[in-house]
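Source file coords14.txt; content: compact mmCIF, C-alpha atoms.
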# COMPACT_ATOMS: atom_id res chain seq x y z
CA PHE A 220 -38.88 10.05 11.48
CA VAL A 221 -35.31 9.18 12.51
CA ASP A 222 -33.89 12.37 11.01
CA ASP A 223 -36.69 14.71 12.11
CA VAL A 224 -37.60 13.38 15.55
CA VAL A 225 -35.01 11.04 17.02
CA LEU A 226 -31.97 12.93 15.72
CA SER A 227 -33.28 16.20 17.17
CA THR A 228 -33.81 14.68 20.61
CA PRO A 229 -31.01 15.47 23.09
CA ARG A 230 -28.60 12.60 23.80
CA MET A 231 -30.17 10.51 21.01
CA LYS A 232 -27.82 11.46 18.15
CA THR A 233 -25.63 8.35 18.40
CA THR A 234 -28.66 6.06 18.59
CA ALA A 235 -30.29 7.83 15.65
CA VAL A 236 -27.19 7.46 13.45
CA THR A 237 -26.88 3.75 14.32
CA LEU A 238 -30.57 3.15 13.61
CA ARG A 239 -30.48 5.01 10.32
CA ASN A 240 -27.36 3.15 9.15
CA ALA A 241 -28.98 -0.21 9.95
CA MET A 242 -32.16 0.74 8.08
CA GLU A 243 -30.25 1.98 5.03
CA LYS A 244 -28.14 -1.19 4.94
CA LYS A 245 -31.28 -3.34 5.10
CA VAL A 246 -32.91 -1.44 2.23
CA LEU A 247 -29.86 -1.00 0.00
CA PHE A 248 -28.40 -4.47 0.46
CA PRO A 249 -31.06 -7.09 1.20
CA ALA A 250 -29.96 -10.50 2.38
CA THR A 251 -30.89 -12.26 -0.85
CA LEU A 252 -30.14 -10.84 -4.26
CA GLU A 253 -31.15 -12.55 -7.47
CA TYR A 254 -28.68 -12.56 -10.33
CA SER A 255 -29.45 -13.76 -13.81
CA PRO A 256 -26.92 -16.32 -15.07
CA LEU A 257 -24.36 -15.10 -17.58
CA THR A 258 -24.23 -16.67 -21.02
CA TYR A 259 -21.29 -16.60 -23.41
CA GLY A 260 -21.20 -17.04 -27.17
CA GLU A 261 -18.03 -19.13 -27.12
CA PRO A 262 -16.12 -21.24 -24.58
CA PRO A 263 -13.33 -19.67 -22.52
CA PRO A 264 -9.78 -19.92 -23.88
CA LYS A 265 -7.54 -22.74 -22.77
CA PRO A 266 -5.28 -21.76 -19.87
CA PHE A 267 -1.51 -21.44 -20.31
CA LEU A 268 -0.30 -23.90 -17.70
CA PRO A 269 3.28 -23.60 -16.35
CA LYS A 270 5.87 -26.22 -17.16
CA GLY A 271 7.25 -28.62 -14.59
CA LEU A 272 9.33 -27.26 -11.73
CA PRO A 273 13.13 -27.47 -11.93
CA LEU A 274 14.90 -29.82 -9.54
CA GLY A 275 15.23 -28.44 -6.04
CA ARG A 276 12.17 -26.17 -6.19
CA SER A 277 8.76 -26.84 -4.69
CA LEU A 278 6.90 -23.64 -5.62
CA TYR A 279 6.28 -21.69 -8.80
CA THR A 280 7.44 -18.10 -9.10
CA LEU A 281 6.00 -15.28 -11.17
CA LEU A 282 8.60 -15.90 -13.87
CA ASP A 283 7.31 -19.48 -14.30
CA LEU A 284 3.82 -18.25 -15.21
CA SER A 285 2.58 -17.00 -18.56
CA PRO A 286 1.90 -13.24 -18.57
CA VAL A 287 -1.23 -13.93 -20.61
CA GLU A 288 -2.60 -16.29 -17.97
CA VAL A 289 -1.69 -13.99 -15.06
CA ALA A 290 -3.47 -11.12 -16.83
CA ARG A 291 -6.54 -13.30 -17.33
CA GLN A 292 -6.69 -14.46 -13.72
CA LEU A 293 -6.23 -10.96 -12.28
CA THR A 294 -8.98 -9.73 -14.58
CA LEU A 295 -11.36 -12.53 -13.59
CA ILE A 296 -10.91 -11.77 -9.89
CA GLU A 297 -11.48 -8.05 -10.27
CA SER A 298 -14.34 -8.37 -12.75
CA HIS A 299 -16.17 -10.42 -10.11
CA LEU A 300 -15.65 -7.62 -7.58
CA PHE A 301 -16.66 -4.97 -10.11
CA LYS A 302 -19.93 -6.75 -10.94
CA GLN A 303 -20.91 -6.77 -7.25
CA ILE A 304 -21.10 -2.95 -7.15
CA GLN A 305 -24.70 -1.73 -6.88
CA PRO A 306 -25.77 1.61 -8.42
CA LYS A 307 -26.80 3.06 -5.03
CA GLU A 308 -23.25 2.68 -3.78
CA CYS A 309 -22.23 5.49 -6.12
CA LEU A 310 -24.42 8.10 -4.43
CA GLU A 311 -23.36 10.81 -1.96
CA GLN A 312 -19.66 9.84 -2.16
CA ALA A 313 -20.41 7.12 0.39
CA TRP A 314 -17.00 5.48 -0.14
CA ASN A 315 -15.30 8.69 1.06
CA LYS A 316 -17.35 9.34 4.20
CA PRO A 317 -16.83 7.28 7.38
CA LEU A 318 -20.50 7.51 8.42
CA LEU A 319 -21.69 6.34 4.97
CA GLN A 320 -19.07 3.74 4.05
CA HIS A 321 -21.44 0.92 5.01
CA GLN A 322 -23.49 1.98 1.95
CA ALA A 323 -20.61 1.25 -0.46
CA PRO A 324 -19.06 -2.07 0.66
CA ASN A 325 -18.36 -3.35 -2.85
CA ILE A 326 -16.70 -0.13 -4.01
CA LEU A 327 -14.48 -0.28 -0.93
CA ASN A 328 -13.70 -3.94 -1.66
CA LEU A 329 -12.45 -3.04 -5.14
CA ILE A 330 -10.45 -0.11 -3.75
CA ASP A 331 -8.85 -2.43 -1.18
CA ARG A 332 -8.07 -4.90 -3.96
CA PHE A 333 -6.41 -2.11 -5.97
CA ASN A 334 -4.14 -1.27 -3.02
CA GLN A 335 -3.35 -4.94 -2.36
CA VAL A 336 -2.26 -5.63 -5.94
CA THR A 337 -0.20 -2.44 -6.05
CA ARG A 338 1.66 -3.42 -2.88
CA TRP A 339 2.12 -6.98 -4.16
CA VAL A 340 3.66 -5.80 -7.45
CA SER A 341 6.07 -3.49 -5.61
CA ALA A 342 7.05 -6.21 -3.13
CA GLU A 343 7.69 -8.81 -5.86
CA ILE A 344 10.14 -6.43 -7.55
CA VAL A 345 12.06 -4.97 -4.60
CA GLN A 346 12.50 -8.28 -2.75
CA GLU A 347 14.81 -9.61 -5.47
CA PRO A 348 18.43 -9.02 -4.38
CA LYS A 349 20.03 -9.40 -7.84
CA VAL A 350 19.65 -6.66 -10.42
CA ARG A 351 19.17 -8.99 -13.40
CA THR A 352 16.51 -11.08 -11.67
CA ARG A 353 14.81 -7.93 -10.47
CA ALA A 354 14.79 -6.62 -14.04
CA LYS A 355 13.18 -9.87 -15.23
CA VAL A 356 10.39 -9.48 -12.66
CA LEU A 357 9.92 -5.85 -13.66
CA ARG A 358 9.73 -6.84 -17.32
CA ARG A 359 7.22 -9.58 -16.50
CA PHE A 360 4.85 -7.10 -14.85
CA ILE A 361 5.07 -4.80 -17.88
CA GLU A 362 4.26 -7.82 -20.06
CA ILE A 363 1.27 -8.64 -17.82
CA ALA A 364 0.02 -5.06 -18.07
CA TRP A 365 0.47 -5.20 -21.84
CA GLU A 366 -1.64 -8.35 -22.04
CA CYS A 367 -4.27 -6.63 -19.89
CA LEU A 368 -4.39 -3.86 -22.47
CA GLN A 369 -5.25 -6.42 -25.15
CA ILE A 370 -8.29 -7.61 -23.14
CA ASN A 371 -9.37 -4.12 -21.96
CA SER A 372 -8.52 -4.82 -18.31
CA PHE A 373 -7.84 -1.20 -17.43
CA ASN A 374 -8.19 -1.46 -13.65
CA VAL A 375 -5.39 -4.06 -13.47
CA ILE A 376 -3.19 -1.94 -15.74
CA GLN A 377 -3.59 1.04 -13.44
CA GLU A 378 -2.63 -1.09 -10.43
CA ILE A 379 0.61 -2.14 -12.11
CA ILE A 380 1.35 1.40 -13.30
CA ALA A 381 0.81 2.74 -9.77
CA ALA A 382 3.26 0.17 -8.40
CA LEU A 383 5.93 0.79 -11.01
CA ASN A 384 5.66 4.56 -10.54
CA SER A 385 5.97 4.27 -6.76
CA ALA A 386 9.08 5.59 -5.06
CA SER A 387 10.32 2.13 -4.06
CA VAL A 388 10.36 0.89 -7.68
CA GLY A 389 10.97 4.11 -9.57
CA ARG A 390 14.30 4.71 -7.81
CA LEU A 391 15.76 1.40 -9.07
CA LYS A 392 17.73 3.07 -11.88
CA LEU A 393 20.03 0.11 -12.56
CA THR A 394 17.06 -2.23 -12.82
CA TRP A 395 15.25 -0.01 -15.31
CA ARG A 396 18.40 0.22 -17.44
CA GLU A 397 18.35 -3.57 -17.87
CA LEU A 398 15.03 -3.44 -19.77
CA ARG A 399 15.04 -3.94 -23.52
CA PRO A 400 13.94 -1.12 -25.86
CA ARG A 401 10.82 -3.10 -26.84
CA THR A 402 9.80 -3.43 -23.19
CA MET A 403 10.34 0.30 -22.61
CA GLN A 404 8.17 1.07 -25.65
CA GLN A 405 5.39 -1.05 -24.18
CA TRP A 406 5.78 0.74 -20.84
CA GLU A 407 5.53 4.14 -22.50
CA ARG A 408 2.43 3.05 -24.45
CA LEU A 409 0.77 1.84 -21.25
CA GLN A 410 1.45 5.10 -19.44
CA GLU A 411 0.16 7.05 -22.40
CA ALA A 412 -3.03 4.99 -22.58
CA LEU A 413 -3.88 5.60 -18.90
CA SER A 414 -2.41 9.08 -18.58
CA ARG A 415 -4.29 11.57 -16.39
CA ASP A 416 -3.73 14.31 -18.97
CA SER A 417 -6.93 16.08 -20.09
CA ASN A 418 -8.99 14.18 -17.51
CA TYR A 419 -8.02 10.69 -18.77
CA LYS A 420 -8.72 11.61 -22.39
CA ASN A 421 -6.94 8.58 -23.87
CA LEU A 422 -8.48 6.12 -21.43
CA ARG A 423 -11.98 7.49 -22.05
CA ALA A 424 -11.45 7.01 -25.78
CA LEU A 425 -10.46 3.38 -25.18
CA LEU A 426 -13.51 2.84 -22.95
CA ASP A 427 -15.82 4.29 -25.61
CA LYS A 428 -14.23 2.04 -28.22
CA ALA A 429 -14.66 -1.05 -26.05
CA ARG A 430 -18.22 -0.28 -24.95
CA GLY A 431 -20.75 -2.50 -26.69
CA ASN A 432 -18.19 -4.39 -28.76
CA CYS A 433 -16.28 -6.50 -26.25
CA ALA A 434 -15.74 -7.18 -22.56
CA CYS A 435 -14.13 -4.42 -20.53
CA LEU A 436 -12.94 -3.93 -16.94
CA PRO A 437 -12.79 -0.13 -16.55
CA PHE A 438 -10.59 1.75 -14.14
CA LEU A 439 -12.97 2.56 -11.28
CA GLY A 440 -11.09 5.72 -10.31
CA VAL A 441 -12.23 7.53 -13.46
CA PHE A 442 -15.91 7.16 -12.57
CA LEU A 443 -15.41 7.94 -8.89
CA SER A 444 -13.58 11.14 -9.87
CA ASP A 445 -16.47 12.12 -12.14
CA LEU A 446 -18.97 11.51 -9.34
CA VAL A 447 -16.95 13.58 -6.87
CA PHE A 448 -16.70 16.43 -9.39
CA ILE A 449 -20.47 16.41 -9.97
CA GLU A 450 -21.35 16.11 -6.27
CA ASP A 451 -19.02 18.91 -5.16
CA GLY A 452 -19.67 21.22 -8.10
CA ASN A 453 -23.47 21.22 -8.06
CA PRO A 454 -25.89 22.00 -5.20
CA ASP A 455 -28.48 19.44 -4.15
CA LYS A 456 -31.24 22.06 -4.33
CA LEU A 457 -31.88 25.26 -6.26
CA SER A 458 -33.66 28.42 -5.13
CA PRO A 459 -35.35 30.11 -8.13
CA PRO A 460 -36.63 33.68 -7.53
CA ASN A 461 -40.33 32.76 -7.71
CA ALA A 462 -40.14 29.44 -5.85
CA GLN A 463 -41.72 29.21 -2.41
CA GLU A 464 -39.14 26.61 -1.31
CA PRO A 465 -35.90 25.16 -2.69
CA LEU A 466 -36.32 22.75 -5.61
CA ILE A 467 -34.46 19.49 -6.19
CA ASN A 468 -31.60 19.91 -8.67
CA PHE A 469 -32.63 17.28 -11.21
CA ILE A 470 -29.83 18.31 -13.60
CA LYS A 471 -27.31 17.13 -11.00
CA ARG A 472 -29.21 13.87 -10.62
CA ARG A 473 -29.20 13.30 -14.38
CA LYS A 474 -25.45 13.84 -14.55
CA ILE A 475 -24.89 11.31 -11.76
CA ALA A 476 -27.21 8.82 -13.47
CA LEU A 477 -25.27 9.13 -16.73
CA VAL A 478 -21.98 8.29 -14.97
CA ILE A 479 -23.54 5.28 -13.20
CA GLU A 480 -25.15 4.09 -16.44
CA ARG A 481 -21.75 3.74 -18.11
File written out as C-alpha cells:
Amino acid sequence: FVDDVVLSTPRMKTTAVTLRNAMEKKVLFPATLEYSPLTYGEPPPKPFLPKGLPLGRSLYTLLDLSPVEVARQLTLIESHLFKQIQPKECLEQAWNKPLLQHQAPNILNLIDRFNQVTRWVSAEIVQEPKVRTRAKVLRRFIEIAWECLQINSFNVIQEIIAALNSASVGRLKLTWRELRPRTMQQWERLQEALSRDSNYKNLRALLDKARGNCACLPFLGVFLSDLVFIEDGNPDKLSPPNAQEPLINFIKRRKIALVIER
C-alpha cells in the first residue's frame, strides 16, 4: 500500500519513505528478542593479568599487557557484535545504502568497530616519539595478531593488518627495521593468511577448516563482498520467452542464502 498508493501520490514521497522505514524497522527488529543461553563444554581459560606497575606510573600501557589476553578481549568484544547480526540485515546491500542503513544496524556497528580498532592501532604506534619504543609497540601488535590467528579471530587480524599497512605506519622505515626476523616472519604469515589474492583463497581455506570444529570470528568483509557480487551480478527477476510476466530469480536468492548460512 505504501509503495503503490502513498509513494505515487504527489508531495507524499518523503512521508512514504519515512513510514516504510518505520514499518520495516518494526518488523525486522522487534523490541524484544529471545536468545537461547550459550553452553560451553569447558570453563574459560584463566586470564593473563599484568604485573604490578613500576614506581611513578599510575596507568598500564599496551606493553604491560599479555598479547594473548589482549587478543582474547578484542575477540570477545567483536564476537558479541558479530552475534547480534540478523540474517535480514544481509539483504539488498542495506549497509551500503543511506535509505536502507536502518535495516542493518548491527553490520554497521561491526564496521564502525573495525574502523575504530584500526585507528587505535595506528595511533598507539605513531604517538611514540622514540624509535625503539615505537618498534616495541609495533611488535606487540604483530604478536597480538599472531595470537588471534591461533584462536581463529580473523576480523581482529584484518583490523591490525589494515592499520599496519596504512600510510602513517607503513612509512616508518626505521621502526620496521628494528623488528626481529622472527617477528617479520610472523607478519608475513599473517599477510599471507588474509591476502586478497584469488578472492581471499587462503582465508576461505582457514574458515572452512575452522567451521564445525572450533570457535571462529570470521572477517565480515569477505561475506559482504560476496553478497555485493551476487546482488550486482544477478537480476532480481527473469523474463523467459514464454512467461507472461517476469519471474523471481530464485537462483540469486539461493546464492544469497548460502552466503548468509555460513
query = Which residue gives the smallest distance to Glu407 in chain A among A:Leu466, A:Leu295, A:Ile361, A:Leu268, with all atoms listed in the file counted?
reply = A:Ile361
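Checking A:Arg332, A:Arg415, A:His321, A:Lys316 one by one against Ser298 in chain A, counting all atoms listed in the file, you find the shortest gap at A:Arg332.
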ask   = Looking at only C-alpha atoms, which of A:Ala313, A:Val441, A:Val287, A:Leu398 is the one that sits closest to Asn418 in chain A?
value =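 The closest residue to Asn418 in chain A is A:Val441.
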message = Using all atoms listed in the file - which residues lie no farther than 10 Å from the point (15.1, -6.3, -11.0) in the file's frame? Write them as a ChimeraX atom specification.
response = /A:343-358,388,391-398
inquiry  = Just checking: using all atoms listed in the file, which residue out of A:Asn315, A:Gln320, A:Gln404, A:Asn421 ends up closest to Val447 in chain A?
reply    =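 Selected residue with least distance to Val447 in chain A: A:Asn315.
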ask   = When distances are computed from all atoms listed in the file, which of A:Phe360, A:Tyr279, A:Tyr419, A:Phe301 shows the smallest separation from Asn325 in chain A?
value =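 Closest candidate: A:Phe301.
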